[in-house]
Amino acid sequence: MASAPKVMDIDLMDIWGKCNEMLVYQDEPYNAETPPGALAAQITSLDTFYSRNHAPIPRIDSASWRLRVEGLVDRPLELSMDDLHRFTERTVVATLQCAGNRRADLIEVREIPGQVPWGPGAISTARWSGVSLAEVLAKAGTQPEAAHITFTGADVSQQAAPPQPFGGSIPVAKATSSEVLLAWAMNDQALPAAHGAPLRVIVPGWIGARSVKWLQRISAQAEPTDNYFQAEYSVLPPEADPEAVGPGDGITLGPVAIHCAILRPARNDHLPPGPTEVSGFAFAGDDRTVARVDVSADHGSTWTPTDLDPPENPWTWQHWRAMVTLPPGEAELIARAWDSTAAVQAESPETVWNPRGYANNAAAHLHITCRP
Ligand SMILES: Nc1nc2c(c(=O)[nH]1)N[C@H]1C(S)=C(S)[C@@H](COP(=O)(O)O)O[C@H]1N2
Ligand SMILES: [Mo]
């Protein structure tokens with residue numbers, strides 16, 4: 001399956017509205033990473049927003065499309081787009097991050113077969129607009145036994161066993177938080193087909209996999225969904241065989257853990273020794289914020305605090321920068337971030353390696369060569 005990303009020679013602009021600098025791992029299902037230059041913007045443009053799929057992208061006729069809301073509810077609903085537009089429109093800026101982001105660094109520790117070798121760009125930020133999921137659930141009237149809200153998309157994935165539509169669930173407490181949206185717009189434009197048109201879930205601060213695209217069904221349940229992808233997105237013990245484990249054997253992923261990336265200098269940059277600006281972003285996850293980011297240019301002996309942007313809200317990345325002095329010769333830049341609960345990134349990918357390569361939140365390392 002996926003190997004090193006390639007920059008496409010055909011015009012993806014015409015297919016999924018993506019720029020040609022996207023790092024494409026697979027054409028079908030379409031899996032492409034945001035190019036490094038685009039990660040410096042606070043809001044990611046639609047043509048550079050990363051794309052993560054498990055099946056061909058469906059094109060849905062929004063006029064005949066309906067959303068079913070069922071399960072443990074007093075009043076099951078069937079809603080058209082017009083019905084949804086009668087709810088109050090809400091807008092939330094939120095970063096979406098794939099649980100497999102930065103898997104490439106884990107693969108350097110030990111191979112992870114059959115998974116997309118994402119670099120640091122399976123993450124992007126958009127201004128999402130739509131209706132609050134809490135309002136739709138209130139209209140349906142969730143019953144007291146409803147503990148989880150399940151989402152099912154329209155795309156049937158052959159990667160699942162057995163093949164099934166992509167789905168996932170989140171606990172009711174998160175589902176009824178004001179930031180969770182059923183979104184029909186992205187950066188003030190109609191939601192593109194590649195990002196889930198006509199309607200997708202946005203679960204800010206949680207792994208991207210729970211933000212189900214091409215949403216068709218919401219179901220209130222006593223238990224988490226048994227959809228294949230709910231259990232697939234879990235962290236297994238290092239010695240586990242991912243082919244042999246059962247659904248409950250891993251740590252099911254929900255909220256994202258604090259991590260950061262270095263954007264400048266770029267990988268393989270050649271810089272003169274001396275003062276240089278190092279910059280990047282950090283993302284705290286859940287409803288935490290980034291509290292501090294430090295950088296080191298001497299393998300972690302000394303650390304320089306960075307100038308960190310204030311949070312726009314708890315669900316978005318924060319950019320940072322600092323001047324550091326580069327030594328002559330080979331240098332290793334390290335950046336590490338703390339969140340508002342004082343949790344800090346793991347020191348190295350070895351610590352967090354897991355068989356499916358999820359949730360790599362190790363400190364960012366960048367090797368550069370400094371020559372005058
Ligand atoms: N229906 C459906 N929803 C989905 C997926 C999918 O394959 N099908 N992929 C999920 C994963 S793993 C991620 S990281 C995000 C990616 O959203 P994006 O493609 O809009 O960036 O969508 C999630 N929602
Ligand atoms: Mo993902």
# chains A, B, ... in the order shown; residues from 1 in each chain; ligands from 1
$ residues_near_ligand --ligand "ligand 1" --cutoff "6 Å" --atoms "only C-alpha atoms and all ligand atoms" --output "short mmCIF file (atom, residue, chain, number, x, y, z; two decimals) with all heavy atoms, in the first residue's frame"
data_model
loop_
_atom_site.label_atom_id
_atom_site.label_comp_id
_atom_site.auth_asym_id
_atom_site.auth_seq_id
_atom_site.Cartn_x
_atom_site.Cartn_y
_atom_site.Cartn_z
N TYR A 50 -5.44 18.67 4.84
CA TYR A 50 -5.13 17.25 4.65
C TYR A 50 -6.41 16.45 4.40
O TYR A 50 -7.51 16.88 4.75
CB TYR A 50 -4.34 16.67 5.84
CG TYR A 50 -5.17 16.21 7.02
CD1 TYR A 50 -5.52 14.87 7.20
CD2 TYR A 50 -5.61 17.12 7.98
CE1 TYR A 50 -6.27 14.44 8.28
CE2 TYR A 50 -6.37 16.69 9.07
CZ TYR A 50 -6.69 15.36 9.21
OH TYR A 50 -7.44 14.94 10.28
N SER A 51 -6.24 15.27 3.81
CA SER A 51 -7.39 14.46 3.42
C SER A 51 -7.13 13.01 3.83
O SER A 51 -6.10 12.43 3.46
CB SER A 51 -7.54 14.56 1.90
OG SER A 51 -8.87 14.51 1.53
N ARG A 52 -8.05 12.43 4.59
CA ARG A 52 -7.87 11.07 5.10
C ARG A 52 -9.12 10.26 4.82
O ARG A 52 -10.20 10.59 5.31
CB ARG A 52 -7.59 11.11 6.61
CG ARG A 52 -7.55 9.75 7.28
CD ARG A 52 -6.33 8.96 6.84
NE ARG A 52 -6.20 7.67 7.51
CZ ARG A 52 -6.25 6.50 6.88
NH1 ARG A 52 -6.49 6.43 5.59
NH2 ARG A 52 -6.05 5.38 7.55
N ASN A 53 -8.98 9.22 4.03
CA ASN A 53 -10.14 8.42 3.61
C ASN A 53 -9.86 6.93 3.73
O ASN A 53 -8.71 6.50 3.65
CB ASN A 53 -10.51 8.77 2.17
CG ASN A 53 -10.92 10.23 2.06
OD1 ASN A 53 -11.94 10.63 2.62
ND2 ASN A 53 -10.10 11.04 1.41
N HIS A 54 -10.93 6.17 3.89
CA HIS A 54 -10.83 4.70 3.98
C HIS A 54 -11.61 4.03 2.87
O HIS A 54 -11.75 2.81 2.86
CB HIS A 54 -11.35 4.22 5.33
CG HIS A 54 -10.56 4.77 6.49
ND1 HIS A 54 -10.69 6.08 6.93
CD2 HIS A 54 -9.60 4.22 7.27
CE1 HIS A 54 -9.86 6.28 7.94
NE2 HIS A 54 -9.19 5.18 8.17
N GLN A 97 -6.96 16.61 13.58
CA GLN A 97 -5.70 15.89 13.50
C GLN A 97 -5.94 14.40 13.41
O GLN A 97 -6.69 13.84 14.21
CB GLN A 97 -4.85 16.19 14.73
CG GLN A 97 -3.42 15.67 14.56
CD GLN A 97 -2.71 15.47 15.87
OE1 GLN A 97 -2.66 16.37 16.70
NE2 GLN A 97 -2.18 14.28 16.07
N CYS A 98 -5.30 13.76 12.43
CA CYS A 98 -5.42 12.32 12.31
C CYS A 98 -4.61 11.65 13.42
O CYS A 98 -3.50 12.08 13.75
CB CYS A 98 -4.89 11.87 10.95
SG CYS A 98 -5.14 10.11 10.69
N GLY A 153 -21.18 7.07 8.39
CA GLY A 153 -21.04 7.77 7.12
C GLY A 153 -21.62 6.97 5.97
O GLY A 153 -22.13 5.86 6.15
N ASP A 155 -19.79 6.19 3.15
CA ASP A 155 -18.73 5.50 2.40
C ASP A 155 -18.47 4.11 2.97
O ASP A 155 -18.18 3.94 4.14
CB ASP A 155 -17.43 6.33 2.44
CG ASP A 155 -17.01 6.73 3.85
OD1 ASP A 155 -17.90 6.89 4.72
OD2 ASP A 155 -15.80 6.88 4.10
N PHE A 166 -17.88 3.77 7.15
CA PHE A 166 -17.02 4.33 8.19
C PHE A 166 -17.92 4.88 9.31
O PHE A 166 -18.95 5.50 9.06
CB PHE A 166 -16.16 5.46 7.62
CG PHE A 166 -15.13 5.96 8.60
CD1 PHE A 166 -13.85 5.42 8.62
CD2 PHE A 166 -15.46 6.94 9.54
CE1 PHE A 166 -12.91 5.85 9.55
CE2 PHE A 166 -14.52 7.38 10.47
CZ PHE A 166 -13.24 6.84 10.47
N HIS A 195 -14.34 16.58 1.93
CA HIS A 195 -14.36 16.76 3.38
C HIS A 195 -15.71 16.42 4.01
O HIS A 195 -15.94 16.73 5.17
CB HIS A 195 -13.89 18.17 3.74
CG HIS A 195 -12.45 18.40 3.38
ND1 HIS A 195 -11.42 17.76 4.04
CD2 HIS A 195 -11.87 19.12 2.39
CE1 HIS A 195 -10.26 18.11 3.49
NE2 HIS A 195 -10.51 18.92 2.47
N GLY A 208 -9.21 12.83 14.55
CA GLY A 208 -10.00 13.09 13.35
C GLY A 208 -11.01 12.00 13.03
O GLY A 208 -12.07 12.26 12.48
N ALA A 209 -10.66 10.75 13.39
CA ALA A 209 -11.52 9.61 13.03
C ALA A 209 -12.93 9.72 13.60
O ALA A 209 -13.86 9.10 13.07
CB ALA A 209 -10.88 8.31 13.49
N SER A 211 -14.64 12.47 13.69
CA SER A 211 -15.34 13.52 12.94
C SER A 211 -15.82 12.92 11.62
O SER A 211 -15.24 13.14 10.56
CB SER A 211 -14.41 14.72 12.70
OG SER A 211 -14.14 15.38 13.91
N VAL A 212 -16.89 12.15 11.71
CA VAL A 212 -17.35 11.32 10.58
C VAL A 212 -17.89 12.20 9.44
O VAL A 212 -18.71 13.09 9.67
CB VAL A 212 -18.40 10.30 11.06
CG1 VAL A 212 -19.01 9.53 9.90
CG2 VAL A 212 -17.77 9.34 12.08
N LYS A 213 -17.39 11.90 8.23
CA LYS A 213 -17.80 12.63 7.03
C LYS A 213 -19.00 11.94 6.38
O LYS A 213 -19.32 10.82 6.70
CB LYS A 213 -16.63 12.68 6.04
CG LYS A 213 -15.37 13.33 6.64
CD LYS A 213 -14.30 13.59 5.60
CE LYS A 213 -13.40 12.39 5.39
NZ LYS A 213 -12.23 12.73 4.52
N TRP A 214 -19.66 12.63 5.43
CA TRP A 214 -20.82 12.10 4.69
C TRP A 214 -21.81 11.44 5.68
O TRP A 214 -22.26 10.32 5.47
CB TRP A 214 -20.35 11.10 3.62
CG TRP A 214 -19.23 11.67 2.81
CD1 TRP A 214 -19.31 12.70 1.92
CD2 TRP A 214 -17.85 11.27 2.85
NE1 TRP A 214 -18.06 12.96 1.41
CE2 TRP A 214 -17.16 12.09 1.95
CE3 TRP A 214 -17.14 10.29 3.54
CZ2 TRP A 214 -15.79 11.99 1.73
CZ3 TRP A 214 -15.78 10.18 3.33
CH2 TRP A 214 -15.12 11.01 2.43
#
$ closest_atom_pairs --of "segment 136-182 of chain A" --to "segment 29-49 of chain A" --cutoff "12 Å" --atoms "only C-alpha atoms" --output "JSON lines"
{"residue": "A:Asp155", "atom": "CA", "partner": "A:Pro29", "partner_atom": "CA", "distance": 10.7}
{"residue": "A:Val156", "atom": "CA", "partner": "A:Pro29", "partner_atom": "CA", "distance": 11.3}
{"residue": "A:Ser157", "atom": "CA", "partner": "A:Pro29", "partner_atom": "CA", "distance": 9.3}
{"residue": "A:Gln158", "atom": "CA", "partner": "A:Pro29", "partner_atom": "CA", "distance": 10.2}
{"residue": "A:Gln159", "atom": "CA", "partner": "A:Pro29", "partner_atom": "CA", "distance": 10.1}
$ closest_residue --among "A:Ile207, A:Ala126, A:Ala240, A:Ala343" --to "Tyr358 of chain A" --atoms "only C-alpha atoms"
A:Ile207
$ select_by_dssp --residues "segment 84-195 of chain A" --states "helix (DSSP H, G or I)" --output "PyMOL selection string"
chain A and resi 84+103-109+133-140+172-175+193-195
$ write_last_selection --atoms "N, CA, C and O atoms" --output "CSV table (one decimal), in the first residue's frame"
chain,number,residue,atom,x,y,z
A,84,LEU,N,-32.2,21.2,8.7
A,84,LEU,CA,-31.0,21.5,9.6
A,84,LEU,C,-30.7,23.0,9.6
A,84,LEU,O,-30.3,23.6,10.6
A,103,ARG,N,3.3,9.3,12.1
A,103,ARG,CA,3.6,7.9,12.1
A,103,ARG,C,5.0,7.6,11.5
A,103,ARG,O,5.7,6.7,11.9
A,104,ALA,N,5.4,8.4,10.6
A,104,ALA,CA,6.7,8.2,9.9
A,104,ALA,C,7.8,8.1,11.0
A,104,ALA,O,8.7,7.3,10.8
A,105,ASP,N,7.7,8.9,12.0
A,105,ASP,CA,8.8,8.9,13.1
A,105,ASP,C,8.7,7.6,13.8
A,105,ASP,O,9.7,7.1,14.4
A,106,LEU,N,7.5,7.0,14.0
A,106,LEU,CA,7.4,5.7,14.7
A,106,LEU,C,8.0,4.6,13.8
A,106,LEU,O,8.6,3.6,14.3
A,107,ILE,N,7.7,4.7,12.5
A,107,ILE,CA,8.2,3.7,11.5
A,107,ILE,C,9.7,3.6,11.5
A,107,ILE,O,10.3,2.6,11.3
A,108,GLU,N,10.4,4.8,11.8
A,108,GLU,CA,11.9,4.8,11.9
A,108,GLU,C,12.3,3.9,13.1
A,108,GLU,O,13.4,3.4,13.1
A,109,VAL,N,11.5,3.8,14.1
A,109,VAL,CA,11.8,2.9,15.3
A,109,VAL,C,11.6,1.4,14.9
A,109,VAL,O,12.5,0.6,15.1
A,133,LEU,N,-24.5,19.8,17.5
A,133,LEU,CA,-25.1,18.5,17.7
A,133,LEU,C,-26.0,18.4,18.9
A,133,LEU,O,-27.0,17.7,18.9
A,134,ALA,N,-25.6,19.2,20.0
A,134,ALA,CA,-26.4,19.2,21.2
A,134,ALA,C,-27.9,19.6,20.9
A,134,ALA,O,-28.8,19.0,21.5
A,135,GLU,N,-28.1,20.5,20.0
A,135,GLU,CA,-29.4,21.0,19.7
A,135,GLU,C,-30.2,20.0,18.9
A,135,GLU,O,-31.4,19.8,19.2
A,136,VAL,N,-29.6,19.3,18.0
A,136,VAL,CA,-30.3,18.2,17.3
A,136,VAL,C,-30.6,17.1,18.2
A,136,VAL,O,-31.8,16.5,18.2
A,137,LEU,N,-29.7,16.7,19.2
A,137,LEU,CA,-30.0,15.7,20.1
A,137,LEU,C,-31.1,16.1,21.1
A,137,LEU,O,-32.0,15.3,21.5
A,138,ALA,N,-31.1,17.4,21.4
A,138,ALA,CA,-32.2,17.9,22.3
A,138,ALA,C,-33.6,17.7,21.6
A,138,ALA,O,-34.6,17.4,22.2
A,139,LYS,N,-33.6,18.0,20.3
A,139,LYS,CA,-34.8,17.9,19.6
A,139,LYS,C,-35.3,16.5,19.6
A,139,LYS,O,-36.5,16.2,19.6
A,140,ALA,N,-34.4,15.5,19.4
A,140,ALA,CA,-34.7,14.1,19.4
A,140,ALA,C,-35.1,13.6,20.8
A,140,ALA,O,-35.8,12.6,21.0
A,172,VAL,N,-21.7,10.8,25.5
A,172,VAL,CA,-22.7,11.8,25.5
A,172,VAL,C,-22.2,13.2,26.0
A,172,VAL,O,-22.5,14.2,25.5
A,173,ALA,N,-21.3,13.1,27.0
A,173,ALA,CA,-20.8,14.4,27.6
A,173,ALA,C,-20.1,15.2,26.6
A,173,ALA,O,-20.3,16.4,26.5
A,174,LYS,N,-19.3,14.6,25.7
A,174,LYS,CA,-18.6,15.3,24.6
A,174,LYS,C,-19.7,15.7,23.6
A,174,LYS,O,-19.6,16.9,23.1
A,175,ALA,N,-20.5,14.8,23.2
A,175,ALA,CA,-21.5,15.0,22.1
A,175,ALA,C,-22.4,16.2,22.4
A,175,ALA,O,-22.9,16.9,21.5
A,193,ALA,N,-16.8,18.0,-1.3
A,193,ALA,CA,-17.1,16.6,-1.3
A,193,ALA,C,-16.0,15.8,-0.5
A,193,ALA,O,-16.3,14.9,0.2
A,194,ALA,N,-14.7,16.2,-0.7
A,194,ALA,CA,-13.6,15.4,-0.1
A,194,ALA,C,-13.7,15.5,1.4
A,194,ALA,O,-13.1,14.7,2.1
A,195,HIS,N,-14.3,16.6,1.9
A,195,HIS,CA,-14.4,16.8,3.4
A,195,HIS,C,-15.7,16.4,4.0
A,195,HIS,O,-15.9,16.7,5.2
$ closest_residue --among "A:Ala154, A:Val256, A:Met22, A:Val352" --to "ligand 2" --atoms "only C-alpha atoms and all ligand atoms"
A:Val256
$ atom_distance --atom1 "atom CA of Ala94 of chain A" --atom2 "atom CA of Thr306 of chain A"
22.8 Å
$ residues_around --residues "segment 323-330 of chain A" --least-positions-apart "6" --cutoff "12 Å" --atoms "only C-alpha atoms" --output "VMD selection string"
chain A and resid 264 to 265 268 to 279 294 to 299 302 to 307 366 to 372
$ write_last_selection --atoms "N, CA and C atoms" --output "compact mmCIF listing (two decimals), in the first residue's frame"
# COMPACT_ATOMS: atom_id res chain seq x y z
N ARG A 264 10.16 25.65 10.76
CA ARG A 264 11.36 26.33 10.27
C ARG A 264 12.45 26.20 11.31
N PRO A 265 13.67 25.85 10.97
CA PRO A 265 14.11 25.48 9.63
C PRO A 265 13.38 24.24 9.13
N ASN A 268 16.39 19.05 6.21
CA ASN A 268 17.49 19.11 5.23
C ASN A 268 17.92 20.52 4.85
N ASP A 269 17.45 21.54 5.58
CA ASP A 269 17.94 22.91 5.34
C ASP A 269 19.42 22.98 5.67
N HIS A 270 20.16 23.78 4.91
CA HIS A 270 21.55 24.06 5.25
C HIS A 270 21.62 25.51 5.70
N LEU A 271 22.05 25.72 6.94
CA LEU A 271 22.06 27.07 7.50
C LEU A 271 23.44 27.39 8.03
N PRO A 272 23.80 28.69 8.07
CA PRO A 272 25.07 29.05 8.69
C PRO A 272 24.95 28.93 10.21
N PRO A 273 26.04 28.62 10.92
CA PRO A 273 25.98 28.63 12.39
C PRO A 273 25.65 30.04 12.87
N GLY A 274 25.13 30.13 14.09
CA GLY A 274 24.77 31.45 14.64
C GLY A 274 23.28 31.54 14.88
N PRO A 275 22.82 32.76 15.19
CA PRO A 275 21.40 32.91 15.56
C PRO A 275 20.47 32.65 14.38
N THR A 276 19.41 31.92 14.64
CA THR A 276 18.40 31.69 13.61
C THR A 276 17.04 31.55 14.27
N GLU A 277 15.97 31.89 13.53
CA GLU A 277 14.64 31.73 14.12
C GLU A 277 14.12 30.32 13.86
N VAL A 278 13.67 29.69 14.94
CA VAL A 278 13.02 28.39 14.85
C VAL A 278 11.53 28.63 15.10
N SER A 279 10.68 28.03 14.29
CA SER A 279 9.24 28.24 14.51
C SER A 279 8.46 26.97 14.22
N ASP A 294 9.34 24.82 24.54
CA ASP A 294 10.78 25.11 24.65
C ASP A 294 11.51 24.47 23.48
N VAL A 295 12.60 25.10 23.05
CA VAL A 295 13.42 24.48 22.01
C VAL A 295 14.86 24.37 22.47
N SER A 296 15.55 23.36 21.95
CA SER A 296 16.96 23.14 22.27
C SER A 296 17.72 22.94 20.97
N ALA A 297 18.93 23.49 20.90
CA ALA A 297 19.78 23.26 19.72
C ALA A 297 21.00 22.44 20.10
N ASP A 298 21.02 21.92 21.35
CA ASP A 298 22.19 21.16 21.80
C ASP A 298 21.80 19.83 22.44
N HIS A 299 20.94 19.10 21.74
CA HIS A 299 20.52 17.75 22.18
C HIS A 299 19.83 17.77 23.54
N THR A 302 20.44 22.48 26.99
CA THR A 302 19.85 23.77 27.39
C THR A 302 18.62 24.03 26.53
N TRP A 303 17.69 24.79 27.10
CA TRP A 303 16.40 25.02 26.44
C TRP A 303 16.09 26.51 26.39
N THR A 304 15.51 26.93 25.29
CA THR A 304 15.08 28.33 25.12
C THR A 304 13.56 28.36 25.09
N PRO A 305 12.94 29.18 25.95
CA PRO A 305 11.47 29.29 25.88
C PRO A 305 11.06 30.00 24.58
N THR A 306 9.95 29.62 24.00
CA THR A 306 9.50 30.25 22.77
C THR A 306 8.41 31.28 23.05
N ASP A 307 8.25 32.16 22.09
CA ASP A 307 7.14 33.12 22.11
C ASP A 307 5.94 32.38 21.51
N LEU A 366 14.66 17.61 14.82
CA LEU A 366 15.01 17.98 13.45
C LEU A 366 16.52 18.05 13.31
N HIS A 367 17.02 17.27 12.37
CA HIS A 367 18.46 17.23 12.14
C HIS A 367 18.82 18.24 11.06
N ILE A 368 19.77 19.13 11.33
CA ILE A 368 20.21 20.06 10.29
C ILE A 368 21.74 20.14 10.27
N THR A 369 22.24 20.61 9.15
CA THR A 369 23.68 20.78 9.02
C THR A 369 23.99 22.27 8.91
N CYS A 370 24.90 22.76 9.79
CA CYS A 370 25.20 24.20 9.82
C CYS A 370 26.60 24.44 9.29
N ARG A 371 26.66 25.07 8.11
CA ARG A 371 27.95 25.41 7.49
C ARG A 371 27.90 26.87 7.08
N PRO A 372 29.02 27.58 7.29
CA PRO A 372 29.03 28.98 6.91
C PRO A 372 28.84 29.15 5.40
$ atom_distance --atom1 "atom CA of Gln221 of chain A" --atom2 "atom CA of Ala147 of chain A"
6.1 Å
$ closest_residue --among "A:Gly248, A:Pro310, A:Gly300, A:Gly254" --to "ligand 2" --atoms "only C-alpha atoms and all ligand atoms"
A:Gly254
$ atom_distance --atom1 "atom CA of Ser234 of chain A" --atom2 "atom CA of Arg210 of chain A"
12.1 Å
$ closest_residue --among "A:Gly205, A:Asp309, A:Leu191, A:Arg288" --to "Gly17 of chain A" --atoms "only C-alpha atoms"
A:Leu191
$ closest_residue --among "A:Gly114, A:Pro198, A:Gly168, A:Pro76" --to "Pro58 of chain A" --atoms "only C-alpha atoms"
A:Pro198
$ residues_around --residues "segment 184-189 of chain A" --least-positions-apart "5" --cutoff "7 Å" --atoms "only C-alpha atoms" --output "PDB file with C-alpha atoms, in the first residue's frame"
ATOM      1  CA  ALA A 126     -10.601  25.340   9.562  1.00  0.00           C
ATOM      2  CA  ARG A 127     -13.494  27.577  10.480  1.00  0.00           C
ATOM      3  CA  TRP A 128     -16.406  25.112  10.585  1.00  0.00           C
ATOM      4  CA  SER A 129     -20.053  26.188  10.417  1.00  0.00           C
ATOM      5  CA  GLY A 130     -23.203  24.203  10.931  1.00  0.00           C
ATOM      6  CA  ALA A 197     -20.470  17.081   1.921  1.00  0.00           C
ATOM      7  CA  PRO A 198     -23.263  17.618   2.532  1.00  0.00           C
ATOM      8  CA  LEU A 199     -22.749  17.157   6.296  1.00  0.00           C
ATOM      9  CA  ARG A 200     -19.993  15.942   8.614  1.00  0.00           C
TER      10      ARG A 200
END
$ select_by_dssp --residues "segment 27-276 of chain A" --states "strand (DSSP E or B)" --output "ChimeraX atom specification"
/A:27,30-33,51,67-71,73,77-79,89-97,123-132,142,148-157,164-171,181-186,189-190,200-202,206-207,215-221,234-235,251-252,255,259-264,270-271,274-276
